[in-house]
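As stored in input30.csv (CSV, C-alpha atoms):
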chain,number,residue,atom,x,y,z
A,1,PRO,CA,8.0,29.2,3.6
A,2,ASN,CA,10.6,29.6,0.9
A,3,ALA,CA,9.8,32.5,-1.3
A,4,ASP,CA,11.2,30.6,-4.3
A,5,ASN,CA,8.2,28.3,-4.2
A,6,THR,CA,5.5,30.7,-2.9
A,7,ALA,CA,2.7,30.9,-5.4
A,8,ASP,CA,4.6,28.6,-7.8
A,9,ILE,CA,2.3,25.8,-9.0
A,10,ASN,CA,4.2,25.2,-12.3
A,11,GLY,CA,5.3,21.6,-12.5
A,12,ASN,CA,2.7,20.6,-9.9
A,13,LEU,CA,4.9,21.9,-7.0
A,14,GLY,CA,1.7,22.9,-5.3
A,15,ALA,CA,0.6,25.6,-2.8
A,16,ILE,CA,-1.9,26.2,-0.1
A,17,GLU,CA,-4.1,29.3,0.4
A,18,LEU,CA,-5.3,30.5,3.8
A,19,TYR,CA,-8.7,32.2,4.1
A,20,THR,CA,-10.4,34.0,7.0
A,21,THR,CA,-13.9,35.2,7.5
A,22,ALA,CA,-15.3,38.5,8.7
A,23,GLY,CA,-18.8,39.7,8.5
A,24,GLY,CA,-19.9,36.5,6.7
A,25,ASN,CA,-17.4,36.9,3.8
A,26,TRP,CA,-14.4,34.8,3.1
A,27,ALA,CA,-11.1,36.5,1.9
A,28,ARG,CA,-7.8,35.0,1.0
A,29,VAL,CA,-5.1,36.3,3.4
A,30,ASN,CA,-2.0,34.4,2.2
A,31,ARG,CA,-0.6,31.8,-0.1
A,32,PHE,CA,2.4,29.4,0.6
A,33,GLY,CA,4.4,27.0,-1.4
A,34,SER,CA,6.6,24.2,0.0
A,35,PRO,CA,9.0,25.5,2.7
A,36,THR,CA,12.0,24.0,1.0
A,37,PHE,CA,13.1,22.9,-2.4
A,38,SER,CA,10.5,20.7,-4.1
A,39,THR,CA,10.7,18.4,-7.1
A,40,ALA,CA,8.3,18.7,-10.0
A,41,GLY,CA,5.1,16.8,-9.1
A,42,SER,CA,5.6,17.3,-5.3
A,43,ARG,CA,2.0,18.4,-5.0
A,44,PHE,CA,2.4,20.4,-1.8
A,45,GLY,CA,-1.1,20.9,-0.4
A,46,GLU,CA,-2.8,17.8,-1.7
A,47,ALA,CA,-3.9,17.2,1.8
A,48,VAL,CA,-4.4,19.9,4.4
A,49,ALA,CA,-5.7,20.0,8.0
A,50,ILE,CA,-6.0,22.9,10.5
A,51,HIS,CA,-6.5,22.9,14.3
A,52,GLY,CA,-6.4,26.2,16.2
A,53,SER,CA,-3.2,27.9,15.2
A,54,THR,CA,-1.6,24.9,13.6
A,55,VAL,CA,-1.7,23.8,10.0
A,56,ALA,CA,-0.6,20.4,8.7
A,57,VAL,CA,0.2,19.9,5.0
A,58,GLY,CA,0.9,16.9,2.9
A,59,GLU,CA,3.3,16.8,0.0
A,60,PRO,CA,2.9,13.2,-1.4
A,61,GLY,CA,4.7,13.6,-4.7
A,62,TYR,CA,8.0,14.6,-3.2
A,63,VAL,CA,11.0,12.7,-4.7
A,64,ALA,CA,9.6,9.8,-6.7
A,65,GLU,CA,6.3,9.8,-4.8
A,66,ARG,CA,8.0,9.1,-1.5
A,67,GLY,CA,6.2,12.1,0.0
A,68,ARG,CA,6.6,14.1,3.2
A,69,ALA,CA,4.5,16.3,5.5
A,70,TRP,CA,4.8,19.6,7.3
A,71,VAL,CA,3.4,21.4,10.3
A,72,PHE,CA,3.6,25.1,10.8
A,73,GLU,CA,2.2,27.4,13.4
A,74,GLN,CA,0.6,30.9,13.4
A,75,ALA,CA,3.4,33.0,14.9
A,76,PHE,CA,1.2,34.8,17.4
A,77,VAL,CA,-2.4,35.6,18.1
A,78,GLY,CA,-3.5,38.3,15.8
A,79,ASP,CA,-1.1,37.3,13.0
A,80,ILE,CA,-4.1,37.1,10.7
A,81,ASP,CA,-2.3,36.7,7.4
A,82,TRP,CA,0.3,34.3,8.9
A,83,SER,CA,3.0,36.5,7.5
A,84,ALA,CA,5.3,35.7,10.4
A,85,ALA,CA,4.6,31.9,10.3
A,86,SER,CA,8.3,30.9,10.2
A,87,SER,CA,8.0,28.1,12.8
A,88,LEU,CA,8.1,25.0,10.6
A,89,ASP,CA,8.5,21.3,11.3
A,90,LEU,CA,9.1,18.6,8.7
A,91,LEU,CA,7.5,15.3,9.9
A,92,VAL,CA,10.0,12.5,9.4
A,93,PRO,CA,9.7,9.1,11.0
A,94,ALA,CA,12.7,8.6,13.3
A,95,PRO,CA,14.8,6.7,13.0
A,96,ASP,CA,14.1,7.2,9.3
A,97,PRO,CA,13.6,3.7,7.8
A,98,GLY,CA,14.0,5.1,4.3
A,99,ILE,CA,10.5,5.8,2.9
A,100,PRO,CA,10.3,3.9,-0.4
A,101,GLY,CA,9.4,5.5,-3.7
A,102,GLY,CA,5.7,5.4,-4.3
A,103,ALA,CA,4.8,5.6,-0.5
A,104,ARG,CA,2.9,8.9,-1.1
A,105,MET,CA,3.4,10.0,2.5
A,106,GLY,CA,1.1,13.0,3.0
A,107,ALA,CA,-1.7,11.9,0.7
A,108,ALA,CA,-3.9,12.2,3.7
A,109,ILE,CA,-3.4,14.2,6.9
A,110,ALA,CA,-5.3,15.0,10.1
A,111,ILE,CA,-4.5,16.9,13.2
A,112,SER,CA,-5.8,17.1,16.8
A,113,ASP,CA,-4.6,19.1,19.9
A,114,CYS,CA,-1.4,17.1,20.3
A,115,SER,CA,-1.1,14.7,17.4
A,116,VAL,CA,-0.8,14.5,13.7
A,117,VAL,CA,-1.5,11.4,11.6
A,118,VAL,CA,-0.2,11.2,8.1
A,119,GLY,CA,-1.4,8.6,5.5
A,120,GLY,CA,0.8,7.0,2.8
A,121,PRO,CA,-1.5,4.6,0.9
A,122,GLY,CA,1.3,3.5,-1.5
A,123,ASN,CA,3.8,2.5,1.2
A,124,GLY,CA,5.6,-0.8,0.7
A,125,VAL,CA,7.6,-2.5,-2.0
A,126,VAL,CA,5.7,-2.2,-5.3
A,127,PRO,CA,3.4,-3.9,-6.2
A,128,THR,CA,2.4,-4.9,-2.6
A,129,PHE,CA,0.9,-1.4,-2.0
A,130,ASN,CA,-0.1,-2.2,1.6
A,131,GLY,CA,-0.1,1.4,2.8
A,132,GLN,CA,0.9,2.9,6.1
A,133,ALA,CA,0.1,5.7,8.5
A,134,TRP,CA,2.5,7.6,10.7
A,135,VAL,CA,1.5,9.3,14.0
A,136,PHE,CA,3.4,12.2,15.4
A,137,SER,CA,2.8,13.8,18.9
A,138,ARG,CA,3.9,17.0,20.5
A,139,ALA,CA,6.9,15.7,22.4
A,140,SER,CA,7.1,18.5,25.0
A,141,ASN,CA,5.5,21.6,26.2
A,142,SER,CA,6.5,23.4,23.0
A,143,GLU,CA,4.6,24.7,20.0
A,144,ASN,CA,7.0,23.3,17.4
A,145,ASN,CA,8.3,19.9,18.6
A,146,TRP,CA,6.8,16.8,17.1
A,147,ALA,CA,8.0,13.3,17.7
A,148,TYR,CA,7.3,10.1,15.7
A,149,LEU,CA,5.3,7.5,17.6
A,150,GLU,CA,6.4,4.1,16.4
A,151,LEU,CA,3.0,2.5,16.2
A,152,PRO,CA,2.3,-0.6,13.9
A,153,LEU,CA,-0.1,1.3,11.7
A,154,LEU,CA,0.5,-0.9,8.6
A,155,GLY,CA,-1.8,-2.2,5.9
A,156,ILE,CA,-2.6,-5.9,6.3
A,157,ASN,CA,-2.9,-7.0,2.7
A,158,PRO,CA,-1.3,-6.0,-0.6
A,159,GLY,CA,-3.4,-3.6,-2.5
A,160,ASP,CA,-5.5,-2.3,0.5
A,161,GLY,CA,-4.5,1.3,0.0
A,162,TYR,CA,-4.2,1.7,3.8
A,163,GLY,CA,-3.8,5.3,4.8
A,164,ASP,CA,-5.8,6.7,1.9
A,165,ALA,CA,-8.0,8.5,4.5
A,166,VAL,CA,-7.1,9.4,8.1
A,167,ALA,CA,-8.8,11.1,11.0
A,168,ILE,CA,-7.8,11.8,14.6
A,169,ASN,CA,-9.2,13.2,17.8
A,170,SER,CA,-7.3,13.5,21.1
A,171,ARG,CA,-7.3,9.7,21.7
A,172,THR,CA,-8.3,7.8,18.6
A,173,VAL,CA,-6.9,7.4,15.1
A,174,ALA,CA,-9.0,6.2,12.3
A,175,ILE,CA,-7.3,4.8,9.1
A,176,GLY,CA,-9.2,4.1,5.9
A,177,ALA,CA,-8.2,1.4,3.5
A,178,TRP,CA,-10.3,2.0,0.4
A,179,LEU,CA,-9.6,-1.5,-1.1
A,180,GLY,CA,-9.5,-3.4,2.2
A,181,GLY,CA,-11.8,-6.3,3.3
A,182,SER,CA,-13.8,-8.7,1.3
A,183,LEU,CA,-14.6,-7.8,-2.3
A,184,ASP,CA,-12.4,-4.7,-1.9
A,185,ALA,CA,-15.3,-3.0,-0.2
A,186,GLY,CA,-13.0,-1.0,2.1
A,187,THR,CA,-12.2,-1.0,5.8
A,188,VAL,CA,-11.6,1.4,8.6
A,189,THR,CA,-9.3,0.5,11.6
A,190,LEU,CA,-9.2,2.4,14.9
A,191,SER,CA,-6.1,2.7,17.1
A,192,GLN,CA,-5.6,4.5,20.5
A,193,VAL,CA,-2.9,7.1,21.0
A,194,SER,CA,-1.9,8.9,24.2
A,195,CYS,CA,-0.2,12.3,24.3
A,196,ASP,CA,2.6,13.4,26.6
A,197,CYS,CA,2.3,17.0,25.8
A,198,ASP,CA,4.4,18.2,28.7
A,199,GLY,CA,7.2,15.8,28.0
A,200,ASP,CA,7.5,14.4,31.5
A,201,GLY,CA,7.4,10.8,30.5
A,202,THR,CA,3.9,10.2,31.9
A,203,PRO,CA,1.0,10.0,29.3
A,204,ASP,CA,-1.5,12.8,29.7
A,205,LEU,CA,-4.4,10.3,30.4
A,206,GLU,CA,-2.5,8.9,33.4
A,207,GLN,CA,-1.9,12.4,34.8
A,208,ILE,CA,-5.5,13.4,34.3
A,209,ALA,CA,-6.8,10.2,36.0
A,210,ALA,CA,-4.8,11.2,39.0
A,211,ASP,CA,-5.9,14.8,39.0
A,212,LEU,CA,-9.1,15.6,37.0
A,213,SER,CA,-8.5,19.3,37.4
A,214,LEU,CA,-5.8,19.1,34.8
A,215,ASP,CA,-8.4,18.6,32.0
A,216,CYS,CA,-11.3,21.0,32.6
A,217,ASN,CA,-12.9,20.3,29.2
A,218,ALA,CA,-12.5,16.5,29.5
A,219,ASP,CA,-10.9,15.9,26.1
A,220,GLY,CA,-7.9,13.9,27.3
A,221,VAL,CA,-5.3,16.6,26.9
A,222,ILE,CA,-3.7,18.6,29.7
A,223,ASP,CA,-5.2,22.1,29.7
A,224,SER,CA,-1.8,23.9,30.2
A,225,CYS,CA,-0.6,22.5,26.9
A,226,GLN,CA,-3.8,23.4,25.0
A,227,ILE,CA,-3.6,27.0,26.3
A,228,LEU,CA,0.0,27.3,25.0
A,229,TRP,CA,-1.1,26.1,21.6
A,230,ASP,CA,-4.3,28.2,21.5
A,231,PRO,CA,-5.2,30.7,24.3
A,232,ASP,CA,-8.8,30.5,23.3
A,233,LEU,CA,-9.0,26.9,24.7
A,234,ASP,CA,-8.6,28.2,28.2
A,235,CYS,CA,-11.8,26.8,29.8
A,236,ASP,CA,-10.8,27.9,33.4

Structure encoded using structure tokens:
Amino acid sequence: PNADNTADINGNLGAIELYTTAGGNWARVNRFGSPTFSTAGSRFGEAVAIHGSTVAVGEPGYVAERGRAWVFEQAFVGDIDWSAASSLDLLVPAPDPGIPGGARMGAAIAISDCSVVVGGPGNGVVPTFNGQAWVFSRASNSENNWAYLELPLLGINPGDGYGDAVAINSRTVAIGAWLGGSLDAGTVTLSQVSCDCDGDGTPDLEQIAADLSLDCNADGVIDSCQILWDPDLDCD
């Protein structure tokens, strides 16, 4: 991360803090600001998710509330304070449709073995406020290569706030719309995603169906990819 923004929360730039536990006690090991120049009110760290050696961070206030999101990796096993965590990825829909002001991309974020889902509950032309969610998947057998999956994860009605909350496991994405449904009671929609973690053009689930030994923990992700991301996941 850019040292200019590290630990700088003036103007609501935002920061995240990483903690680790030993002997039942929690201790802060590092603090990061936005990796690149941020505008006042960027709110880097408003949403945070962690999985293994990967952290995903939302920055929903960036540039007129358009927002953006980041993924960065622990540099190596044993890098407890993440001091060498220089492998960063900015999650940008591609081709970039031009995220409108007020989208708040990064207001919610979740991560699984091979996918990241990012919520933007303000996406759309104001005042429609439909909301949107973006899904990114590891595009190849690489720790730091994320590709945008062009799925139609869009809010149905104006004002739903779709994308205000998100969750994901290896196969299913859940998107909350806090004002969706009748009487604005809120709704949750589920969508299926499939990873192609080794980048061979065949979804992981198809490869696993043909050879069950590729997925010894039966979570829908090829073991060789998981071991690359986190050696502790080696169940063989």

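For the atom pair formed by atom CA of A:Phe136 and atom CA of A:Trp82, the distance is 23.2 Å, given to one decimal.
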
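For stretch 101-106 of chain A, the residues within 7 Å (counting all atoms listed in the file, excluding itself and residues fewer than 3 positions away along the chain) are Ala47, Gly58, Glu59, Pro60, Gly61, Ala64, Glu65, Arg66, Gly67, Arg68, Ala69, Ile109, Val118, Gly119, Gly120, Pro121, Gly122, Asn123 and Gly124 of chain A.
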
Write the residues you've just listed into a file as a short mmCIF file (atom, residue, chain, number, x, y, z; two decimals), in the frame of the given file, and include C-alpha atoms for each of them.
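Result file follows (selection-v8.cif):
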data_model
loop_
_atom_site.label_atom_id
_atom_site.label_comp_id
_atom_site.auth_asym_id
_atom_site.auth_seq_id
_atom_site.Cartn_x
_atom_site.Cartn_y
_atom_site.Cartn_z
CA ALA A 47 -3.90 17.20 1.80
CA GLY A 58 0.90 16.90 2.90
CA GLU A 59 3.30 16.80 0.00
CA PRO A 60 2.90 13.20 -1.40
CA GLY A 61 4.70 13.60 -4.70
CA ALA A 64 9.60 9.80 -6.70
CA GLU A 65 6.30 9.80 -4.80
CA ARG A 66 8.00 9.10 -1.50
CA GLY A 67 6.20 12.10 0.00
CA ARG A 68 6.60 14.10 3.20
CA ALA A 69 4.50 16.30 5.50
CA ILE A 109 -3.40 14.20 6.90
CA VAL A 118 -0.20 11.20 8.10
CA GLY A 119 -1.40 8.60 5.50
CA GLY A 120 0.80 7.00 2.80
CA PRO A 121 -1.50 4.60 0.90
CA GLY A 122 1.30 3.50 -1.50
CA ASN A 123 3.80 2.50 1.20
CA GLY A 124 5.60 -0.80 0.70
#

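For A:Ala174, the set of protein, DNA and RNA residues having any atom at most 7 Å away, when counting only C-alpha atoms and skipping those fewer than 3 positions along the same chain, is Val166, Ala167, Ile168, Val188, Thr189, Leu190 and Ser191 of chain A.
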
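Residue neighbourhood of A:Gly181, excluding near-sequence residues (fewer than 4 positions): A:Asn157, A:Asp160, A:Ala177, A:Ala185, A:Gly186, A:Thr187, at 9 Å, using all atoms listed in the file.
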
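Reported to one decimal place, the separation of atom CA of A:Gly45 from atom CA of A:Arg28 is 15.7 Å.
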
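Protein and nucleic acid residues near (-6.3, 21.9, 15.8) are Ile50, His51, Gly52, Ser53, Thr54, Ile111, Ser112 and Asp113 of chain A, the criterion being any atom at most 7 Å away using only C-alpha atoms.
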
note - atom CA of A:Ala147 and atom CA of A:Pro203 are separated by 13.9 Å

Near-A:Cys235 list (9 Å; all atoms listed in the file; drop same-chain fewer than 3 positions) as a short mmCIF file (atom, residue, chain, number, x, y, z; two decimals) with C-alpha atoms, keeping the file's coordinate frame:
data_model
loop_
_atom_site.label_atom_id
_atom_site.label_comp_id
_atom_site.auth_asym_id
_atom_site.auth_seq_id
_atom_site.Cartn_x
_atom_site.Cartn_y
_atom_site.Cartn_z
CA CYS A 216 -11.30 21.00 32.60
CA ASN A 217 -12.90 20.30 29.20
CA ASP A 223 -5.20 22.10 29.70
CA ILE A 227 -3.60 27.00 26.30
CA ASP A 232 -8.80 30.50 23.30
#

Restricting to only C-alpha atoms, whichever of A:Leu90, A:Thr39, A:Ser182, A:Val221 is closest to A:Ser115 is A:Val221

Using the partial input, fill out stretch 168-179 of chain A with all heavy atoms; write the result as a PDB file, in the coordinates of the input.
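This went into out.pdb:
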ATOM      1  N   ILE A 168      -8.359  11.913  13.255  1.00  0.00           N
ATOM      2  CA  ILE A 168      -7.800  11.800  14.600  1.00  0.00           C
ATOM      3  C   ILE A 168      -8.571  12.752  15.532  1.00  0.00           C
ATOM      4  O   ILE A 168      -8.956  13.849  15.128  1.00  0.00           O
ATOM      5  CB  ILE A 168      -6.317  12.045  14.652  1.00  0.00           C
ATOM      6  CG1 ILE A 168      -5.726  11.692  16.025  1.00  0.00           C
ATOM      7  CG2 ILE A 168      -5.992  13.468  14.260  1.00  0.00           C
ATOM      8  CD1 ILE A 168      -4.206  11.707  16.047  1.00  0.00           C
ATOM      9  N   ASN A 169      -8.807  12.288  16.777  1.00  0.00           N
ATOM     10  CA  ASN A 169      -9.200  13.200  17.800  1.00  0.00           C
ATOM     11  C   ASN A 169      -8.082  13.084  18.908  1.00  0.00           C
ATOM     12  O   ASN A 169      -7.000  12.576  18.632  1.00  0.00           O
ATOM     13  CB  ASN A 169     -10.579  12.956  18.373  1.00  0.00           C
ATOM     14  CG  ASN A 169     -10.747  11.593  19.022  1.00  0.00           C
ATOM     15  OD1 ASN A 169      -9.769  10.921  19.363  1.00  0.00           O
ATOM     16  ND2 ASN A 169     -11.990  11.179  19.212  1.00  0.00           N
ATOM     17  N   SER A 170      -8.359  13.501  20.111  1.00  0.00           N
ATOM     18  CA  SER A 170      -7.300  13.500  21.100  1.00  0.00           C
ATOM     19  C   SER A 170      -6.807  12.099  21.457  1.00  0.00           C
ATOM     20  O   SER A 170      -5.678  11.926  21.909  1.00  0.00           O
ATOM     21  CB  SER A 170      -7.803  14.191  22.392  1.00  0.00           C
ATOM     22  OG  SER A 170      -8.091  15.547  22.145  1.00  0.00           O
ATOM     23  N   ARG A 171      -7.633  11.079  21.246  1.00  0.00           N
ATOM     24  CA  ARG A 171      -7.300   9.700  21.700  1.00  0.00           C
ATOM     25  C   ARG A 171      -7.323   8.650  20.639  1.00  0.00           C
ATOM     26  O   ARG A 171      -6.727   7.600  20.817  1.00  0.00           O
ATOM     27  CB  ARG A 171      -8.220   9.325  22.855  1.00  0.00           C
ATOM     28  CG  ARG A 171      -8.322  10.338  23.973  1.00  0.00           C
ATOM     29  CD  ARG A 171      -9.329   9.908  25.018  1.00  0.00           C
ATOM     30  NE  ARG A 171      -9.592  10.978  25.978  1.00  0.00           N
ATOM     31  CZ  ARG A 171     -10.462  10.876  26.978  1.00  0.00           C
ATOM     32  NH1 ARG A 171     -11.135   9.760  27.137  1.00  0.00           N
ATOM     33  NH2 ARG A 171     -10.637  11.891  27.804  1.00  0.00           N
ATOM     34  N   THR A 172      -8.068   8.853  19.576  1.00  0.00           N
ATOM     35  CA  THR A 172      -8.300   7.800  18.600  1.00  0.00           C
ATOM     36  C   THR A 172      -7.913   8.188  17.217  1.00  0.00           C
ATOM     37  O   THR A 172      -8.192   9.297  16.767  1.00  0.00           O
ATOM     38  CB  THR A 172      -9.827   7.420  18.614  1.00  0.00           C
ATOM     39  OG1 THR A 172     -10.231   7.088  19.947  1.00  0.00           O
ATOM     40  CG2 THR A 172     -10.086   6.228  17.704  1.00  0.00           C
ATOM     41  N   VAL A 173      -7.238   7.254  16.531  1.00  0.00           N
ATOM     42  CA  VAL A 173      -6.900   7.400  15.100  1.00  0.00           C
ATOM     43  C   VAL A 173      -7.703   6.489  14.285  1.00  0.00           C
ATOM     44  O   VAL A 173      -7.833   5.300  14.609  1.00  0.00           O
ATOM     45  CB  VAL A 173      -5.367   7.108  14.918  1.00  0.00           C
ATOM     46  CG1 VAL A 173      -5.002   7.211  13.440  1.00  0.00           C
ATOM     47  CG2 VAL A 173      -4.498   8.041  15.740  1.00  0.00           C
ATOM     48  N   ALA A 174      -8.284   6.997  13.221  1.00  0.00           N
ATOM     49  CA  ALA A 174      -9.000   6.200  12.300  1.00  0.00           C
ATOM     50  C   ALA A 174      -8.286   6.185  10.940  1.00  0.00           C
ATOM     51  O   ALA A 174      -7.924   7.242  10.430  1.00  0.00           O
ATOM     52  CB  ALA A 174     -10.446   6.712  12.087  1.00  0.00           C
ATOM     53  N   ILE A 175      -8.048   4.981  10.406  1.00  0.00           N
ATOM     54  CA  ILE A 175      -7.300   4.800   9.100  1.00  0.00           C
ATOM     55  C   ILE A 175      -8.189   4.099   8.137  1.00  0.00           C
ATOM     56  O   ILE A 175      -8.677   3.000   8.413  1.00  0.00           O
ATOM     57  CB  ILE A 175      -6.008   4.039   9.343  1.00  0.00           C
ATOM     58  CG1 ILE A 175      -5.209   4.568  10.534  1.00  0.00           C
ATOM     59  CG2 ILE A 175      -5.181   4.062   8.062  1.00  0.00           C
ATOM     60  CD1 ILE A 175      -4.693   5.957  10.387  1.00  0.00           C
ATOM     61  N   GLY A 176      -8.382   4.698   6.979  1.00  0.00           N
ATOM     62  CA  GLY A 176      -9.200   4.100   5.900  1.00  0.00           C
ATOM     63  C   GLY A 176      -8.292   3.311   4.950  1.00  0.00           C
ATOM     64  O   GLY A 176      -7.186   3.729   4.633  1.00  0.00           O
ATOM     65  N   ALA A 177      -8.793   2.164   4.510  1.00  0.00           N
ATOM     66  CA  ALA A 177      -8.200   1.400   3.500  1.00  0.00           C
ATOM     67  C   ALA A 177      -9.217   1.143   2.383  1.00  0.00           C
ATOM     68  O   ALA A 177     -10.090   0.287   2.540  1.00  0.00           O
ATOM     69  CB  ALA A 177      -7.640   0.048   4.000  1.00  0.00           C
ATOM     70  N   TRP A 178      -9.153   1.930   1.354  1.00  0.00           N
ATOM     71  CA  TRP A 178     -10.300   2.000   0.400  1.00  0.00           C
ATOM     72  C   TRP A 178     -10.500   0.691  -0.357  1.00  0.00           C
ATOM     73  O   TRP A 178     -11.586   0.461  -0.900  1.00  0.00           O
ATOM     74  CB  TRP A 178     -10.095   3.149  -0.548  1.00  0.00           C
ATOM     75  CG  TRP A 178      -8.959   3.033  -1.530  1.00  0.00           C
ATOM     76  CD1 TRP A 178      -7.630   3.089  -1.255  1.00  0.00           C
ATOM     77  CD2 TRP A 178      -9.068   2.864  -2.929  1.00  0.00           C
ATOM     78  NE1 TRP A 178      -6.886   2.960  -2.386  1.00  0.00           N
ATOM     79  CE2 TRP A 178      -7.752   2.820  -3.448  1.00  0.00           C
ATOM     80  CE3 TRP A 178     -10.140   2.751  -3.812  1.00  0.00           C
ATOM     81  CZ2 TRP A 178      -7.485   2.647  -4.796  1.00  0.00           C
ATOM     82  CZ3 TRP A 178      -9.870   2.595  -5.162  1.00  0.00           C
ATOM     83  CH2 TRP A 178      -8.557   2.537  -5.643  1.00  0.00           C
ATOM     84  N   LEU A 179      -9.488  -0.207  -0.396  1.00  0.00           N
ATOM     85  CA  LEU A 179      -9.600  -1.500  -1.100  1.00  0.00           C
ATOM     86  C   LEU A 179      -9.502  -2.656  -0.081  1.00  0.00           C
ATOM     87  O   LEU A 179      -9.277  -3.792  -0.482  1.00  0.00           O
ATOM     88  CB  LEU A 179      -8.625  -1.648  -2.197  1.00  0.00           C
ATOM     89  CG  LEU A 179      -8.852  -0.751  -3.418  1.00  0.00           C
ATOM     90  CD1 LEU A 179      -7.715  -0.900  -4.411  1.00  0.00           C
ATOM     91  CD2 LEU A 179     -10.183  -1.069  -4.088  1.00  0.00           C
TER      92      LEU A 179
END
